[in-house]
Amino acid sequence: MKEITKETYLKWYEDMLFWRKFEDKLAAAYIQQKVRGFLHLYNGQEAVLAGSLHAMDLTKDRMITAYRNHVQPIGMGVDPKRVMAELYGKVTGTSKGMGGSMHIFSKEHRFHGGHGIVGGQIPLGAGMAFGDKYSKRDNVTLCYMGDGAVRQGSLHETFNLAMLWQLPVVFICENNGYAMGTSVARTSHSTEIWKLGLGYEMPCGPVDGMDPVAVAQEVSKAVERARSGGGPTFLEMKTYRYRGHSMSDAQHYRTKEEVEEYKKIDPISQVLEVIQKEGYATDDEIKEIGARIKSNVAECEKFAEESDHPPVNQLYDMVYEQEDFPFVQHKL
């Protein structure tokens, strides 16, 4: 595993705080009806992404996840201004404003979506890993899912083939306790989700998903195993989301006391405590980080606000390629 240094902690703090503030701004924009449709926020789960990125080779490894997918592409190198513009439905967005909140995508940065179909990304992640193995590339795919998605039959079919073919893929379940508004205990006889890997003799285990160090350690082992030909791994990240399933979620299924209890182990606060304890940054330097993040988020908002909406004809351009289908005519 790559060493976890002072620079690592400072990067984690700035990245995670930026992701949190970026999505807080999106929440405000949603209330103002500048962001339409659904909006699933990642607040509280940032350590899973921060630790995973530390374990990856960002020059070649891939990532695919579900619809809670705004900050992952930013972590993979996508310009956050383009991500915010996509949520605003603007032509400068990552998918020219056609994907929206649940379908961020960047081939250039090897981020393969955001997927709105629950569990739909699981076989796709294995498929990308198969392509890399078939083409003799030493890339590794990290495939994320929620605790609700593991109830899908596609997971079991995928696990079977991933082990049979020893695919270079790391399956990561972000267990935040609730599939929409239903707790794991109400939908599963076993609440230890990682044990699903045992039936396929797949290396598996639980991870403290609120601690980026623990995440980095376990994902690093899994990535190294996959890259060396050792096949897939299944990790259950025990994490928590501070906001509802989506912005329309009234959260009647849990208490405010429960949320406050988890905020005591907020991953951003944990990293900041280490920075302060070890003297990695002064109070003024920490304030400078906060000011820089505030400015960067404001730039993203300004870019999204000032960008144009897509032209109406783009509806057709995203379906047909005129050169391939010359018989297709459209006039608006």
# chains A, B, ... in the order shown; residues from 1 in each chain; ligands from 1
$ closest_atom_pairs --of "stretch 129-240 of chain A" --to "stretch 42-52 of chain A" --cutoff "9 Å" --atoms "only C-alpha atoms" --output "CSV"
residue,atom,partner,partner_atom,distance
A:Leu142,CA,A:Ser52,CA,8.6
A:Glu174,CA,A:Val48,CA,7.8
A:Asn176,CA,A:Gln45,CA,7.9
A:Asp208,CA,A:Val48,CA,8.9
A:Gly209,CA,A:Val48,CA,5.5
A:Met210,CA,A:Ala47,CA,5.5
A:Asp211,CA,A:Ala47,CA,5.7
A:Pro212,CA,A:Gly51,CA,4.4
A:Val213,CA,A:Gly51,CA,6.2
A:Ala214,CA,A:Gly51,CA,7.5
A:Val215,CA,A:Gly51,CA,4.9
A:Ala216,CA,A:Gly51,CA,4.1
A:Gln217,CA,A:Gly51,CA,7.8
A:Glu218,CA,A:Ser52,CA,8.8
A:Val219,CA,A:Ser52,CA,6.0
A:Ser220,CA,A:Ser52,CA,7.7
A:Met237,CA,A:Val48,CA,7.1
A:Thr239,CA,A:Gln45,CA,5.9
A:Tyr240,CA,A:Gly44,CA,5.7
$ residues_around --residues "A:Pro80" --least-positions-apart "3" --cutoff "12 Å" --atoms "only C-alpha atoms" --output "CSV table (one decimal) with N, CA and C atoms, in the first residue's frame"
chain,number,residue,atom,x,y,z
A,15,ASP,N,-10.2,17.3,0.1
A,15,ASP,CA,-11.1,16.6,-0.8
A,15,ASP,C,-12.4,16.4,-0.2
A,18,PHE,N,-14.4,19.5,0.4
A,18,PHE,CA,-14.9,20.0,-0.8
A,18,PHE,C,-16.1,19.2,-1.3
A,19,TRP,N,-16.0,17.9,-1.3
A,19,TRP,CA,-17.1,17.1,-1.7
A,19,TRP,C,-18.4,17.4,-0.9
A,21,LYS,N,-19.1,20.2,0.8
A,21,LYS,CA,-19.6,21.6,0.5
A,21,LYS,C,-20.2,21.7,-0.9
A,22,PHE,N,-19.6,20.9,-1.8
A,22,PHE,CA,-20.1,20.9,-3.2
A,22,PHE,C,-21.6,20.3,-3.2
A,23,GLU,N,-21.8,19.3,-2.4
A,23,GLU,CA,-23.1,18.7,-2.4
A,23,GLU,C,-24.1,19.5,-1.6
A,26,LEU,N,-25.4,21.9,-4.0
A,26,LEU,CA,-26.4,21.2,-4.8
A,26,LEU,C,-27.7,21.1,-4.1
A,70,HIS,N,-22.0,11.9,-7.5
A,70,HIS,CA,-21.6,13.3,-7.9
A,70,HIS,C,-20.1,13.5,-7.6
A,71,VAL,N,-19.6,13.0,-6.4
A,71,VAL,CA,-18.3,13.3,-6.0
A,71,VAL,C,-17.2,12.3,-6.5
A,72,GLN,N,-17.7,11.1,-6.9
A,72,GLN,CA,-16.7,10.1,-7.4
A,72,GLN,C,-16.0,10.6,-8.6
A,73,PRO,N,-16.7,11.1,-9.6
A,73,PRO,CA,-15.9,11.6,-10.8
A,73,PRO,C,-15.0,12.7,-10.5
A,74,ILE,N,-15.3,13.5,-9.5
A,74,ILE,CA,-14.4,14.6,-9.1
A,74,ILE,C,-13.2,14.0,-8.6
A,75,GLY,N,-13.3,13.0,-7.8
A,75,GLY,CA,-12.1,12.3,-7.2
A,75,GLY,C,-11.3,11.6,-8.3
A,76,MET,N,-11.9,11.2,-9.4
A,76,MET,CA,-11.2,10.6,-10.5
A,76,MET,C,-10.6,11.6,-11.4
A,77,GLY,N,-10.8,12.9,-11.2
A,77,GLY,CA,-10.2,13.9,-12.0
A,77,GLY,C,-11.1,14.7,-12.9
A,83,VAL,N,-19.3,18.8,-13.6
A,83,VAL,CA,-20.2,17.9,-12.8
A,83,VAL,C,-21.5,18.8,-12.4
A,84,MET,N,-21.2,19.9,-11.8
A,84,MET,CA,-22.3,20.8,-11.4
A,84,MET,C,-23.2,21.2,-12.6
A,85,ALA,N,-22.5,21.5,-13.7
A,85,ALA,CA,-23.3,21.9,-14.9
A,85,ALA,C,-24.2,20.8,-15.4
A,86,GLU,N,-23.7,19.5,-15.2
A,86,GLU,CA,-24.5,18.4,-15.6
A,86,GLU,C,-25.8,18.3,-14.8
A,87,LEU,N,-25.6,18.6,-13.5
A,87,LEU,CA,-26.8,18.5,-12.6
A,87,LEU,C,-27.8,19.7,-12.9
A,92,THR,N,-22.7,22.3,-21.0
A,92,THR,CA,-21.3,22.2,-20.6
A,92,THR,C,-21.0,21.0,-19.6
A,93,GLY,N,-22.1,20.3,-19.3
A,93,GLY,CA,-22.0,19.2,-18.3
A,93,GLY,C,-21.3,18.0,-18.9
A,94,THR,N,-21.0,17.0,-18.0
A,94,THR,CA,-20.2,15.8,-18.4
A,94,THR,C,-20.9,15.0,-19.5
A,104,ILE,N,-23.7,10.6,-14.2
A,104,ILE,CA,-22.4,11.3,-14.5
A,104,ILE,C,-21.5,10.3,-15.1
A,106,SER,N,-17.5,9.8,-17.5
A,106,SER,CA,-16.4,10.4,-18.1
A,106,SER,C,-15.5,9.2,-18.6
A,293,ILE,N,-11.9,26.2,-0.6
A,293,ILE,CA,-13.0,25.4,-0.9
A,293,ILE,C,-14.3,26.2,-1.2
A,296,ASN,N,-13.9,27.7,-4.6
A,296,ASN,CA,-14.0,26.7,-5.6
A,296,ASN,C,-15.5,26.3,-5.9
A,297,VAL,N,-16.2,26.2,-4.8
A,297,VAL,CA,-17.6,25.8,-4.9
A,297,VAL,C,-18.4,26.9,-5.6
A,298,ALA,N,-18.1,28.2,-5.2
A,298,ALA,CA,-18.7,29.3,-5.8
A,298,ALA,C,-18.4,29.4,-7.3
A,299,GLU,N,-17.2,29.0,-7.7
A,299,GLU,CA,-16.8,29.0,-9.2
A,299,GLU,C,-17.7,28.0,-9.9
A,300,CYS,N,-17.9,26.8,-9.3
A,300,CYS,CA,-18.7,25.8,-9.9
A,300,CYS,C,-20.1,26.2,-10.1
A,301,GLU,N,-20.6,26.9,-9.1
A,301,GLU,CA,-22.0,27.4,-9.2
A,301,GLU,C,-22.1,28.4,-10.3
A,302,LYS,N,-21.2,29.3,-10.3
A,302,LYS,CA,-21.2,30.4,-11.4
A,302,LYS,C,-21.1,29.8,-12.8
A,303,PHE,N,-20.2,28.8,-12.9
A,303,PHE,CA,-20.1,28.2,-14.2
A,303,PHE,C,-21.4,27.5,-14.7
A,304,ALA,N,-22.0,26.8,-13.7
A,304,ALA,CA,-23.3,26.1,-14.0
A,304,ALA,C,-24.4,27.1,-14.3
$ atom_distance --atom1 "atom CA of A:Gly199" --atom2 "atom CA of A:Ala55"
26.3 Å
$ residues_around --residues "stretch 147-164 of chain A" --least-positions-apart "3" --cutoff "8 Å" --atoms "only C-alpha atoms" --output "list of chain:residue names"
A:Val118, A:Gly119, A:Gly120, A:Ile122, A:Pro123, A:Ala126, A:Leu167, A:Val169, A:Cys173, A:Glu174, A:Asn175, A:Asn176, A:Gly177, A:Tyr178, A:Ala179, A:Met180, A:Val184, A:Ile193, A:Gly197, A:Tyr200, A:Glu201, A:Met202, A:Gly231, A:Pro232
$ select_by_dssp --residues "stretch 50-141 of chain A" --states "strand (DSSP E or B)" --output "MDAnalysis selection string"
chainID A and resid 62:64 106 111 141
$ residues_around --residues "A:Asp61" --least-positions-apart "4" --cutoff "8 Å" --atoms "only C-alpha atoms" --output "compact mmCIF listing (two decimals) with C-alpha atoms, in the first residue's frame"
# COMPACT_ATOMS: atom_id res chain seq x y z
CA MET A 56 -6.04 3.06 -6.98
CA ASP A 57 -3.76 3.81 -9.90
CA ARG A 110 -12.34 6.06 -16.49
CA ASN A 139 -6.22 -2.39 -14.97
CA VAL A 140 -8.49 -2.98 -11.97
CA THR A 141 -12.17 -2.04 -11.78
CA LEU A 142 -13.77 -0.86 -8.53
$ closest_residue --among "A:Lys81, A:Lys11, A:Lys133, A:Lys96" --to "A:Ser228" --atoms "only C-alpha atoms"
A:Lys133
$ select_by_dssp --residues "stretch 56-148 of chain A" --states "helix (DSSP H, G or I)" --output "MDAnalysis selection string"
chainID A and resid 71:75 80:87 121:134
$ atom_distance --atom1 "atom CA of A:Ser190" --atom2 "atom CA of A:Lys238"
14.4 Å
$ closest_residue --among "A:Met247, A:Gln276, A:Gly97, A:Glu288" --to "A:Met318" --atoms "only C-alpha atoms"
A:Gly97
$ closest_residue --among "A:Glu285, A:Glu257, A:Asp266, A:Glu108" --to "A:Glu14" --atoms "only C-alpha atoms"
A:Glu285
$ closest_residue --among "A:Ser101, A:Thr191, A:Ser246, A:Ser269" --to "A:Leu41" --atoms "only C-alpha atoms"
A:Ser246
$ closest_residue --among "A:Gln121, A:Asn69, A:Thr282, A:Thr182" --to "A:Met102" --atoms "only C-alpha atoms"
A:Asn69
$ atom_distance --atom1 "atom CA of A:Glu261" --atom2 "atom CA of A:Arg68"
22.6 Å
$ closest_residue --among "A:Tyr134, A:Thr233, A:Ile268, A:His252" --to "A:Leu198" --atoms "only C-alpha atoms"
A:Thr233
